$ cat run05.cif   # mmCIF, C-alpha atoms
data_structure
loop_
_atom_site.label_atom_id
_atom_site.label_comp_id
_atom_site.auth_asym_id
_atom_site.auth_seq_id
_atom_site.Cartn_x
_atom_site.Cartn_y
_atom_site.Cartn_z
CA MET Y 443 -34.64 85.67 33.48
CA ALA Y 444 -31.93 83.66 35.26
CA GLU Y 445 -34.43 80.83 35.85
CA LYS Y 446 -35.37 80.78 32.15
CA LYS Y 447 -31.70 80.63 31.13
CA ALA Y 448 -31.17 77.73 33.53
CA GLN Y 449 -34.13 75.89 32.02
CA LEU Y 450 -32.80 76.43 28.52
CA LYS Y 451 -29.38 75.19 29.61
CA GLU Y 452 -30.96 72.04 31.01
CA MET Y 453 -32.48 71.29 27.61
CA VAL Y 454 -29.20 71.17 25.65
CA GLN Y 455 -26.65 68.35 25.35
CA TYR Y 456 -22.94 68.63 26.03
CA PRO Y 457 -20.72 69.09 24.03
CA THR Y 458 -22.73 70.03 20.93
CA GLY Y 459 -25.14 72.51 22.52
CA LEU Y 460 -27.92 70.85 20.53
CA PRO Y 461 -31.30 70.13 22.15
CA ASN Y 462 -31.28 67.06 24.40
CA VAL Y 463 -34.28 64.70 24.58
CA SER Y 464 -36.39 67.19 26.55
CA GLY Y 465 -35.47 70.10 24.33
CA TYR Y 466 -35.99 68.05 21.16
CA MET Y 467 -39.46 66.92 22.24
CA LYS Y 468 -40.41 70.49 23.20
CA ARG Y 469 -39.37 71.80 19.77
CA ILE Y 470 -41.32 69.01 18.04
CA ALA Y 471 -44.41 69.93 20.06
CA ARG Y 472 -44.06 73.57 19.01
CA LEU Y 473 -43.55 72.54 15.38
CA ALA Y 474 -46.66 70.31 15.49
CA GLU Y 475 -48.73 73.36 16.46
CA ARG Y 476 -47.69 75.09 13.23
CA ALA Y 477 -47.46 72.25 10.67
CA PRO Y 478 -48.62 68.62 10.33
CA LEU Y 479 -45.85 66.21 11.24
CA VAL Y 480 -46.91 63.83 8.46
CA ALA Y 481 -44.86 66.04 6.15
CA TYR Y 482 -41.68 64.95 7.99
CA SER Y 483 -39.31 62.01 8.36
CA ALA Y 484 -37.91 61.23 11.81
CA PHE Y 485 -34.21 60.28 11.95
CA TYR Y 486 -32.27 58.46 14.67
CA PHE Y 487 -28.58 58.01 13.84
CA ASN Y 488 -25.11 57.58 15.27
CA ILE Y 489 -21.57 57.95 13.97
CA LYS Y 490 -20.10 54.68 12.73
CA GLY Y 491 -16.87 53.75 14.51
CA PHE Y 492 -16.86 56.82 16.74
CA GLY Y 493 -15.83 54.79 19.79
CA LYS Y 494 -12.56 53.80 18.10
CA ILE Y 495 -11.92 57.37 16.98
CA ASN Y 496 -12.57 58.68 20.50
CA LYS Y 497 -10.20 56.11 21.99
CA ARG Y 498 -7.47 57.01 19.50
CA ILE Y 499 -7.62 60.81 19.79
CA GLY Y 500 -8.74 61.08 23.43
CA GLN Y 501 -11.87 62.34 25.21
CA GLU Y 502 -11.15 66.05 24.81
CA LYS Y 503 -10.56 65.85 21.07
CA GLY Y 504 -13.50 63.46 20.76
CA ASP Y 505 -15.77 66.09 22.29
CA GLU Y 506 -14.34 68.65 19.91
CA LEU Y 507 -15.14 66.37 16.97
CA LEU Y 508 -18.70 65.96 18.22
CA ARG Y 509 -19.02 69.76 18.41
CA LEU Y 510 -17.86 70.06 14.81
CA TYR Y 511 -20.25 67.30 13.80
CA GLY Y 512 -23.15 69.10 15.49
CA ASP Y 513 -22.21 72.39 13.82
CA HIS Y 514 -22.11 70.63 10.45
CA LEU Y 515 -25.58 69.16 11.04
CA LYS Y 516 -26.90 72.65 11.85
CA GLU Y 517 -25.78 73.82 8.41
CA PHE Y 518 -28.23 71.40 6.78
CA VAL Y 519 -31.23 71.75 9.08
CA ARG Y 520 -33.73 74.52 8.31
CA ASP Y 521 -35.82 76.62 10.69
CA ASP Y 522 -38.90 74.45 10.11
CA GLU Y 523 -36.94 71.28 10.99
CA VAL Y 524 -35.60 69.98 14.31
CA LEU Y 525 -32.22 68.63 15.37
CA GLY Y 526 -31.32 66.92 18.66
CA HIS Y 527 -28.47 65.16 20.46
CA LEU Y 528 -29.26 62.22 22.74
CA GLY Y 529 -25.75 62.02 24.14
CA GLY Y 530 -22.56 60.26 23.07
CA ASP Y 531 -22.64 59.94 19.29
CA ASN Y 532 -26.42 59.46 19.07
CA PHE Y 533 -28.45 62.13 17.29
CA MET Y 534 -32.03 62.80 16.18
CA ALA Y 535 -33.59 64.93 13.49
CA LEU Y 536 -37.01 65.74 12.08
CA ILE Y 537 -36.52 66.60 8.41
CA LYS Y 538 -39.02 67.56 5.71
CA ARG Y 539 -39.99 64.43 3.73
CA GLU Y 540 -38.87 65.90 0.40
CA ARG Y 541 -35.37 66.42 1.87
CA GLN Y 542 -35.09 62.94 3.37
CA ASP Y 543 -32.78 61.53 0.67
CA ASP Y 544 -30.60 64.63 0.73
CA PHE Y 545 -30.12 64.28 4.50
CA ILE Y 546 -29.26 60.58 4.14
CA HIS Y 547 -26.60 61.54 1.59
CA TYR Y 548 -25.37 64.32 3.89
CA LEU Y 549 -24.95 61.88 6.80
CA THR Y 550 -23.19 59.17 4.81
CA GLY Y 551 -20.37 61.25 3.40
CA MET Y 552 -19.34 63.91 5.94
CA GLN Y 553 -15.73 65.16 6.11
CA LEU Y 554 -14.52 67.18 9.10
CA ILE Y 555 -11.06 68.74 9.43
CA MET Y 556 -9.56 69.06 12.92
CA PHE Y 557 -6.16 69.31 14.58
CA ALA Y 558 -5.56 66.09 16.58
CA GLU Y 559 -2.59 63.93 17.60
CA GLY Y 560 -0.25 66.82 16.74
CA LYS Y 561 -1.40 67.19 13.14
CA ARG Y 562 -4.23 68.35 10.91
CA GLN Y 563 -6.53 65.42 10.17
CA ILE Y 564 -9.50 64.74 7.93
CA PHE Y 565 -12.22 62.67 9.61
CA ARG Y 566 -14.52 60.96 7.13
CA LEU Y 567 -17.68 60.18 9.06
CA SER Y 568 -20.63 58.06 8.09
CA ALA Y 569 -23.72 57.11 10.10
CA THR Y 570 -26.05 54.22 10.82
CA ILE Y 571 -29.51 55.64 10.23
CA GLY Y 572 -33.02 54.67 11.27
CA ILE Y 573 -35.93 56.53 9.66
CA TRP Y 574 -39.64 56.62 10.38
CA GLN Y 575 -41.77 58.48 7.87
CA VAL Y 576 -44.22 60.09 10.26
CA ALA Y 577 -47.72 58.72 9.73
CA GLY Y 578 -51.04 59.95 11.11
CA GLU Y 579 -52.14 63.26 12.52
CA ASP Y 580 -52.14 62.34 16.22
CA VAL Y 581 -48.41 61.86 16.73
CA TYR Y 582 -46.82 62.79 20.03
CA PRO Y 583 -43.14 63.89 20.31
CA GLY Y 584 -41.98 60.75 22.16
CA GLU Y 585 -43.30 58.60 19.31
CA VAL Y 586 -41.13 60.51 16.85
CA ILE Y 587 -38.07 59.39 18.81
CA SER Y 588 -39.15 55.84 19.65
CA GLN Y 589 -40.27 54.82 16.15
CA ALA Y 590 -37.08 56.11 14.55
CA ALA Y 591 -35.09 54.37 17.31
CA ILE Y 592 -36.74 51.06 16.40
CA ALA Y 593 -35.74 51.60 12.78
CA PHE Y 594 -32.18 52.37 13.90
CA ASN Y 595 -32.01 49.23 16.04
CA GLN Y 596 -33.11 47.12 13.08
CA ALA Y 597 -30.52 48.75 10.83
CA LYS Y 598 -27.69 48.15 13.30
CA ASN Y 599 -28.54 44.84 14.98
CA ILE Y 600 -30.85 42.93 12.64
CA TYR Y 601 -30.29 43.97 9.03
CA HIS Y 602 -26.68 45.18 9.51
CA GLN Y 603 -27.15 47.95 6.99
CA ASN Y 604 -26.45 51.67 6.92
CA VAL Y 605 -30.03 52.88 6.44
CA ASN Y 606 -33.39 51.39 7.45
CA ILE Y 607 -36.71 53.07 6.73
CA ILE Y 608 -39.46 51.53 8.82
CA SER Y 609 -43.12 51.43 7.81
CA ASP Y 610 -46.22 51.47 9.98
CA ALA Y 611 -46.88 47.88 8.86
CA GLN Y 612 -43.45 46.85 10.18
CA LEU Y 613 -44.07 48.69 13.45
CA SER Y 614 -47.40 46.88 13.84
CA ALA Y 615 -45.60 43.58 13.24
CA ILE Y 616 -43.01 44.45 15.90
CA ASP Y 617 -45.75 45.24 18.42
CA ARG Y 618 -47.49 41.99 17.51
CA ASN Y 619 -44.23 40.06 17.93
CA ARG Y 620 -43.72 41.57 21.37
CA SER Y 621 -47.23 40.54 22.32
CA VAL Y 622 -46.60 36.99 21.07
CA LEU Y 623 -43.42 36.64 23.11
CA ALA Y 624 -45.10 38.10 26.20
CA ASP Y 625 -47.99 35.60 25.99
CA TYR Y 626 -46.04 32.58 24.74
CA GLN Y 627 -44.91 30.97 27.99
CA HIS Y 628 -48.35 31.26 29.58
CA ALA Y 629 -49.96 29.81 26.43
CA LEU Y 630 -47.54 26.88 26.48
CA GLU Y 631 -48.31 26.13 30.14
CA LYS Y 632 -52.07 26.36 29.50
CA GLU Y 633 -51.71 24.11 26.42
CA GLU Y 634 -53.32 26.67 24.14
CA PHE Y 635 -51.20 25.21 21.34
CA GLN Y 636 -52.88 22.28 19.61
CA VAL Y 637 -51.63 19.81 17.03
CA PHE Y 638 -53.64 19.61 13.81
CA TYR Y 639 -52.96 16.77 11.38
CA GLN Y 640 -52.89 17.17 7.60
CA PRO Y 641 -53.34 13.83 5.81
CA LYS Y 642 -50.93 12.43 3.23
CA VAL Y 643 -52.72 10.36 0.60
CA ASP Y 644 -51.50 7.82 -1.97
CA SER Y 645 -53.20 9.09 -5.12
CA ARG Y 646 -53.07 5.64 -6.75
CA THR Y 647 -55.18 4.01 -4.04
CA ARG Y 648 -56.71 7.22 -2.59
CA ARG Y 649 -55.77 5.87 0.81
CA LEU Y 650 -54.45 7.68 3.91
CA VAL Y 651 -50.76 6.77 4.30
CA GLY Y 652 -49.42 9.44 6.66
CA ALA Y 653 -49.87 12.91 8.14
CA GLU Y 654 -48.01 16.02 9.17
CA GLY Y 655 -48.47 17.44 12.66
CA LEU Y 656 -48.98 21.20 12.43
CA VAL Y 657 -49.18 23.51 15.42
CA ARG Y 658 -52.11 25.88 15.88
CA TRP Y 659 -52.60 28.45 18.65
CA ILE Y 660 -56.17 28.50 19.94
CA ARG Y 661 -56.86 31.52 22.15
CA ARG Y 662 -60.21 32.69 23.47
CA GLY Y 663 -62.04 30.55 20.93
CA GLY Y 664 -60.11 31.94 17.96
CA MET Y 665 -57.10 30.70 16.03
CA ILE Y 666 -53.88 32.70 15.79
CA SER Y 667 -52.19 32.11 12.43
CA PRO Y 668 -48.77 30.36 12.52
CA GLY Y 669 -47.55 33.18 10.29
CA ILE Y 670 -48.02 35.50 13.26
CA PHE Y 671 -46.38 33.50 16.05
CA ILE Y 672 -43.79 31.28 14.34
CA PRO Y 673 -41.45 34.05 12.99
CA PRO Y 674 -40.97 35.89 16.33
CA LEU Y 675 -40.46 32.59 18.16
CA GLU Y 676 -37.83 31.59 15.62
CA GLU Y 677 -36.12 34.96 15.87
CA SER Y 678 -36.00 34.79 19.68
CA GLY Y 679 -34.99 31.11 19.80
CA ASP Y 680 -38.14 30.20 21.77
CA ILE Y 681 -39.35 27.97 18.92
CA LEU Y 682 -37.40 24.98 20.30
CA MET Y 683 -39.69 24.44 23.29
CA LEU Y 684 -42.73 24.61 21.01
CA ASP Y 685 -41.23 22.04 18.64
CA TYR Y 686 -40.58 19.68 21.57
CA TYR Y 687 -44.16 20.33 22.74
CA VAL Y 688 -45.62 19.37 19.34
CA LEU Y 689 -43.50 16.21 19.20
CA GLN Y 690 -44.59 15.20 22.70
CA HIS Y 691 -48.29 15.75 21.94
CA THR Y 692 -47.99 13.88 18.65
CA CYS Y 693 -46.39 10.91 20.41
CA ASP Y 694 -49.16 11.01 23.05
CA ASP Y 695 -51.85 11.00 20.35
CA ILE Y 696 -50.25 8.09 18.50
CA LYS Y 697 -50.04 6.10 21.72
CA ARG Y 698 -53.70 6.81 22.52
CA TRP Y 699 -54.80 5.79 19.01
CA SER Y 700 -52.96 2.49 19.33
CA GLU Y 701 -54.45 1.80 22.76
CA ASN Y 702 -57.95 2.60 21.46
CA GLY Y 703 -57.71 0.20 18.52
CA LEU Y 704 -56.98 2.76 15.79
CA GLU Y 705 -54.16 1.89 13.41
CA PRO Y 706 -51.83 4.93 13.36
CA VAL Y 707 -49.98 6.23 10.32
CA THR Y 708 -46.52 7.79 10.34
CA VAL Y 709 -46.69 11.46 11.39
CA SER Y 710 -44.02 14.02 10.49
CA VAL Y 711 -43.18 16.75 13.01
CA ASN Y 712 -41.37 19.94 12.04
CA PHE Y 713 -38.21 21.20 13.72
CA SER Y 714 -36.95 24.68 12.90
CA ARG Y 715 -33.50 25.31 11.43
CA LYS Y 716 -32.99 27.53 14.47
CA ASP Y 717 -33.17 24.37 16.62
CA LEU Y 718 -30.04 22.92 15.01
CA HIS Y 719 -27.88 25.00 17.34
CA GLU Y 720 -29.18 22.96 20.30
CA LYS Y 721 -26.29 20.65 21.23
CA ASN Y 722 -28.35 17.60 22.20
CA LEU Y 723 -31.25 18.07 19.80
CA ALA Y 724 -31.20 14.56 18.30
CA GLU Y 725 -30.81 12.93 21.73
CA ASN Y 726 -33.68 14.98 23.18
CA ILE Y 727 -35.95 14.02 20.28
CA ASN Y 728 -35.02 10.38 20.76
CA ALA Y 729 -35.77 10.58 24.50
CA ILE Y 730 -39.27 12.01 23.89
CA ILE Y 731 -40.12 9.24 21.42
CA GLU Y 732 -38.70 6.44 23.58
CA GLU Y 733 -40.41 7.68 26.75
CA SER Y 734 -43.72 7.65 24.87
CA SER Y 735 -43.26 3.91 24.17
CA ILE Y 736 -44.39 4.16 20.55
CA ASP Y 737 -42.86 2.54 17.48
CA LYS Y 738 -40.16 4.89 16.13
CA ASP Y 739 -41.39 4.17 12.59
CA LEU Y 740 -44.52 6.19 13.42
CA ILE Y 741 -42.56 9.45 13.79
CA GLU Y 742 -40.70 11.35 11.11
CA ILE Y 743 -38.70 14.49 11.91
CA GLU Y 744 -39.13 17.14 9.23
CA VAL Y 745 -36.52 19.81 8.55
CA THR Y 746 -36.17 22.38 5.79
CA GLU Y 747 -33.42 22.10 3.20
CA THR Y 748 -30.65 24.56 4.07
CA VAL Y 749 -29.62 27.69 2.20
CA ASP Y 750 -25.87 27.89 2.88
CA ASP Y 751 -22.80 25.72 3.30
CA THR Y 752 -22.45 26.16 7.08
CA GLU Y 753 -26.07 25.20 7.83
CA HIS Y 754 -25.79 22.32 5.39
CA GLY Y 755 -22.98 20.75 7.43
CA VAL Y 756 -24.89 21.11 10.72
CA LEU Y 757 -28.05 19.67 9.17
CA THR Y 758 -26.13 16.73 7.69
CA ALA Y 759 -24.74 15.83 11.12
CA PHE Y 760 -28.19 16.13 12.71
CA ILE Y 761 -29.97 13.94 10.16
CA ASN Y 762 -27.24 11.32 10.23
CA ARG Y 763 -27.40 11.23 14.03
CA LEU Y 764 -31.17 10.67 13.90
CA TYR Y 765 -30.55 7.85 11.42
CA GLU Y 766 -28.16 6.24 13.89
CA LEU Y 767 -30.89 6.48 16.54
CA GLY Y 768 -33.40 4.80 14.23
CA ILE Y 769 -35.50 7.93 13.59
CA LYS Y 770 -36.83 8.81 10.15
CA THR Y 771 -36.35 12.27 8.62
CA ALA Y 772 -38.07 14.25 5.87
CA ILE Y 773 -36.52 17.12 3.92
CA ASP Y 774 -39.06 19.90 3.37
CA ASP Y 775 -38.98 22.34 0.41
CA PHE Y 776 -36.62 20.04 -1.48
CA GLY Y 777 -35.24 21.72 -4.60
CA SER Y 778 -35.10 25.23 -3.12
CA GLY Y 779 -32.10 24.95 -0.82
CA TYR Y 780 -28.32 25.11 -0.83
CA SER Y 781 -27.48 21.99 -2.83
CA SER Y 782 -30.13 19.42 -3.62
CA LEU Y 783 -27.71 16.94 -5.19
CA SER Y 784 -25.40 16.94 -2.17
CA THR Y 785 -28.52 16.49 -0.01
CA LEU Y 786 -29.29 13.26 -1.86
CA ARG Y 787 -25.69 12.13 -1.56
CA GLU Y 788 -25.02 13.00 2.10
CA PHE Y 789 -28.32 12.81 3.98
CA GLN Y 790 -29.71 9.56 5.34
CA ALA Y 791 -33.22 10.90 4.73
CA HIS Y 792 -36.38 8.81 4.48
CA THR Y 793 -38.61 11.29 2.59
CA LEU Y 794 -38.22 14.24 0.22
CA LYS Y 795 -41.02 16.81 0.12
CA ILE Y 796 -40.94 18.50 -3.28
CA ASP Y 797 -40.92 22.30 -3.01
CA ARG Y 798 -44.34 23.68 -3.92
CA SER Y 799 -42.76 26.22 -6.29
CA PHE Y 800 -42.64 23.42 -8.88
CA ILE Y 801 -46.44 23.27 -9.01
CA ASN Y 802 -47.49 26.81 -8.05
CA SER Y 803 -48.04 27.77 -11.67
CA ASP Y 804 -50.79 27.64 -14.24
CA ASP Y 805 -48.32 26.35 -16.80
CA PHE Y 806 -45.97 23.48 -15.95
CA SER Y 807 -42.79 23.88 -17.98
CA TRP Y 808 -40.87 21.08 -19.66
CA ARG Y 809 -37.90 22.12 -17.51
CA ASP Y 810 -39.86 21.47 -14.30
CA GLU Y 811 -40.96 18.12 -15.69
CA ILE Y 812 -37.38 17.04 -16.49
CA ILE Y 813 -36.05 18.21 -13.11
CA LEU Y 814 -38.80 16.49 -11.12
CA LYS Y 815 -38.54 13.25 -13.10
CA ASN Y 816 -34.82 13.07 -12.43
CA ILE Y 817 -35.21 13.92 -8.72
CA ILE Y 818 -37.83 11.20 -8.32
CA GLN Y 819 -35.79 8.63 -10.27
CA MET Y 820 -32.71 9.33 -8.14
CA ALA Y 821 -34.75 9.19 -4.94
CA ASP Y 822 -36.32 5.87 -5.96
CA ALA Y 823 -32.88 4.43 -6.69
CA LEU Y 824 -31.74 5.55 -3.24
CA ASP Y 825 -34.87 4.09 -1.59
CA ILE Y 826 -36.10 7.55 -0.57
CA GLN Y 827 -39.82 8.29 -0.63
CA VAL Y 828 -41.07 11.36 -2.48
CA LEU Y 829 -44.08 13.48 -1.54
CA THR Y 830 -45.52 16.64 -3.08
CA GLU Y 831 -47.18 19.16 -0.77
CA GLY Y 832 -49.45 22.06 -1.58
CA VAL Y 833 -51.49 20.16 -4.17
CA GLU Y 834 -54.85 21.87 -4.51
CA ARG Y 835 -55.98 21.34 -8.12
CA GLU Y 836 -56.66 18.45 -10.48
CA ASP Y 837 -54.04 19.67 -12.98
CA GLN Y 838 -51.39 19.82 -10.23
CA LEU Y 839 -52.20 16.26 -9.22
CA ALA Y 840 -52.04 15.08 -12.83
CA PHE Y 841 -48.67 16.79 -13.31
CA VAL Y 842 -46.96 15.28 -10.26
CA ASN Y 843 -48.42 11.87 -11.05
CA SER Y 844 -47.04 12.16 -14.59
CA VAL Y 845 -43.49 12.58 -13.24
CA GLY Y 846 -43.82 9.66 -10.85
CA CYS Y 847 -44.86 11.21 -7.51
CA TYR Y 848 -47.99 9.68 -6.01
CA VAL Y 849 -48.00 10.58 -2.31
CA ILE Y 850 -49.85 13.88 -1.96
CA GLN Y 851 -50.35 16.40 0.83
CA GLY Y 852 -52.63 19.36 0.20
CA PHE Y 853 -56.13 20.76 0.12
CA TYR Y 854 -56.97 18.60 -2.92
CA TYR Y 855 -57.51 15.78 -0.42
CA ASP Y 856 -57.67 17.43 3.00
CA LYS Y 857 -56.85 20.48 5.08
CA PRO Y 858 -55.10 20.30 8.48
CA LEU Y 859 -57.61 18.72 10.86
CA PRO Y 860 -58.10 18.96 14.63
CA VAL Y 861 -57.34 15.67 16.35
CA LYS Y 862 -60.95 14.48 16.65
CA GLU Y 863 -61.57 15.05 12.94
CA PHE Y 864 -58.34 13.30 12.01
CA GLU Y 865 -59.29 10.29 14.12
CA LYS Y 866 -62.32 9.84 11.84
CA ARG Y 867 -59.88 9.58 8.90
CA LEU Y 868 -57.93 6.94 10.81
CA LYS Y 869 -61.07 4.84 11.26
CA ASN Y 870 -61.72 4.83 7.52
CA LYS Y 871 -58.53 5.54 5.64
CA GLN Y 872 -60.14 5.41 2.22
CA TYR Y 873 -60.88 8.63 0.28
CA LYS Y 874 -63.67 8.60 -2.28
#

$ encode --input "run05.cif" --output "structure tokens"
Amino acid sequence: MAEKKAQLKEMVQYPTGLPNVSGYMKRIARLAERAPLVAYSAFYFNIKGFGKINKRIGQEKGDELLRLYGDHLKEFVRDDEVLGHLGGDNFMALIKRERQDDFIHYLTGMQLIMFAEGKRQIFRLSATIGIWQVAGEDVYPGEVISQAAIAFNQAKNIYHQNVNIISDAQLSAIDRNRSVLADYQHALEKEEFQVFYQPKVDSRTRRLVGAEGLVRWIRRGGMISPGIFIPPLEESGDILMLDYYVLQHTCDDIKRWSENGLEPVTVSVNFSRKDLHEKNLAENINAIIEESSIDKDLIEIEVTETVDDTEHGVLTAFINRLYELGIKTAIDDFGSGYSSLSTLREFQAHTLKIDRSFINSDDFSWRDEIILKNIIQMADALDIQVLTEGVEREDQLAFVNSVGCYVIQGFYYDKPLPVKEFEKRLKNKQYK
């Protein structure tokens, strides 16, 4: 009997007396034997600002407040639900799905009355909450904690919001992102990343006039979509080394084409907005181009139009610095960013790439036509080239031609091509 009491004591958390991790998992396992866990939502939450409260009222009173908090949680939780305390101000709960919203409301507006600092005080407590709606029949207790913990981490550190409900699709994406980051450095060293080139064509002459270098990850004979590896690399900041890699390989290809008697065209290379925080970004780009001994006119650095005032200022300084170094720039997704007019006024850009939202429609409105005509007229007056990307259909081509844009990038003429295929386009630049 004494041994059993000791075991039970080991499975509770001071100072609340609630089940600790071991006790929580054991109760979930028992519950799973009686009812399917898919009927539940797993919660992971902590008290917002508790550290400041604890510092103000002292450790002893802080523990007392946690005890009250735990007691208040017990009032909500039913016999067929589970409550746990990880330690500190971190808690867990497994609540019936139909009561999920009620528990969220319960956690976001709790008031506890306690004597502290020589007086009776009301503590209004709210929580940061991560929720996983349990999916699948074969769920083990540790997964109930870990998946909700991921949702909590996103709520607190990524989305900066009070509540985050994570889906299985999001969890799969997180696992995929982890795999990408784990394999990335090795793939870079093994040169699994390859540059594909998508032609840019003058629709008046149907002649190849440029290209965009696009990165592709070739692994074990298959291609990993950029939509899978680019976002996690941008989020982690690892995208910079890949962008340098693509620029270096593009410069190497251009040099080889020239040495082999092929007349190169100007190639644009993308740099992420995340790269703008790199102090010597423009100088590093310049060094790669100069060390390759190619004509600077054959490279164009492509960046996306910014979405806020702060980024806009950083991007302006970057583009103007590249201009001073004699390097061309292209503004991608023009017309979707922070301030297109100030972009025209402040940036020393060489090319504007019209945002594809203007043509991704079955019906082209008179408003789109007026906006595009004026953008193109202003760009022409400022000696800035204009290009439309994403052109796939005859009607799209006719529309952009009608407003004065003739340089086209899109499947209507060509898809992104591996280097050997693109070299065939360089030999005969004429499209039929």

$ residues_around --input "run05.cif" --residues "Leu757 in chain Y" --least-positions-apart "4" --cutoff "9 Å" --atoms "only C-alpha atoms" --output "list in words"
Arg715, Leu718, Val745, Glu747, Thr748, Thr752, Glu753, Ile761, Asn762 and Phe789 of chain Y

$ residues_around --input "run05.cif" --residues "Trp574 in chain Y" --least-positions-apart "6" --cutoff "8 Å" --atoms "only C-alpha atoms" --output "list of chain:residue names"
Y:Ser483, Y:Ala484, Y:Phe485, Y:Val586, Y:Gln589, Y:Ala590, Y:Ala593, Y:Ile607, Y:Ile608, Y:Ser609

$ residues_around --input "run05.cif" --residues "range 635-638 of chain Y" --least-positions-apart "5" --cutoff "7 Å" --atoms "only C-alpha atoms" --output "VMD selection string"
chain Y and resid 629 to 630 655 to 660 688 858 to 861

$ residues_around --input "run05.cif" --residues "range 732-743 of chain Y" --least-positions-apart "5" --cutoff "6 Å" --atoms "only C-alpha atoms" --output "ChimeraX atom specification"
/Y:708-711,770-771

$ write_last_selection --input "run05.cif" --atoms "C-alpha atoms" --output "PDB file, in the frame of the given file"
ATOM      1  CA  THR Y 708     -46.520   7.790  10.340  1.00  0.00           C
ATOM      2  CA  VAL Y 709     -46.690  11.460  11.390  1.00  0.00           C
ATOM      3  CA  SER Y 710     -44.020  14.020  10.490  1.00  0.00           C
ATOM      4  CA  VAL Y 711     -43.180  16.750  13.010  1.00  0.00           C
ATOM      5  CA  LYS Y 770     -36.830   8.810  10.150  1.00  0.00           C
ATOM      6  CA  THR Y 771     -36.350  12.270   8.620  1.00  0.00           C
TER       7      THR Y 771
END

$ atom_distance --input "run05.cif" --atom1 "CA of Ile730 in chain Y" --atom2 "CA of Lys795 in chain Y"
24.3 Å

$ closest_residue --input "run05.cif" --among "Y:Pro457, Y:Glu559, Y:Asn532, Y:Val643" --to "Lys497 in chain Y" --atoms "all atoms listed in the file"
Y:Glu559

$ atom_distance --input "run05.cif" --atom1 "CA of Asp685 in chain Y" --atom2 "CA of Ile672 in chain Y"
10.5 Å

$ resolve_selection --input "run05.cif" --expression "the PyMOL selection byres ((chain Y and resi 583) around 7)" --output "JSON, numbers by chain"
{"Y": [467, 470, 471, 581, 582, 584, 585, 586, 587]}

$ atom_distance --input "run05.cif" --atom1 "CA of Val828 in chain Y" --atom2 "CA of Thr793 in chain Y"
5.6 Å

$ residues_around --input "run05.cif" --residues "Val519 in chain Y" --least-positions-apart "5" --cutoff "12 Å" --atoms "only C-alpha atoms" --output "compact mmCIF listing (two decimals) with C-alpha atoms, keeping the file's coordinate frame"
# COMPACT_ATOMS: atom_id res chain seq x y z
CA LEU Y 460 -27.92 70.85 20.53
CA GLY Y 512 -23.15 69.10 15.49
CA ASP Y 513 -22.21 72.39 13.82
CA HIS Y 514 -22.11 70.63 10.45
CA VAL Y 524 -35.60 69.98 14.31
CA LEU Y 525 -32.22 68.63 15.37
CA GLY Y 526 -31.32 66.92 18.66
CA MET Y 534 -32.03 62.80 16.18
CA ALA Y 535 -33.59 64.93 13.49
CA LEU Y 536 -37.01 65.74 12.08
CA ILE Y 537 -36.52 66.60 8.41
CA LYS Y 538 -39.02 67.56 5.71
CA ARG Y 541 -35.37 66.42 1.87
CA GLN Y 542 -35.09 62.94 3.37
CA ASP Y 544 -30.60 64.63 0.73
CA PHE Y 545 -30.12 64.28 4.50
CA TYR Y 548 -25.37 64.32 3.89
CA LEU Y 549 -24.95 61.88 6.80
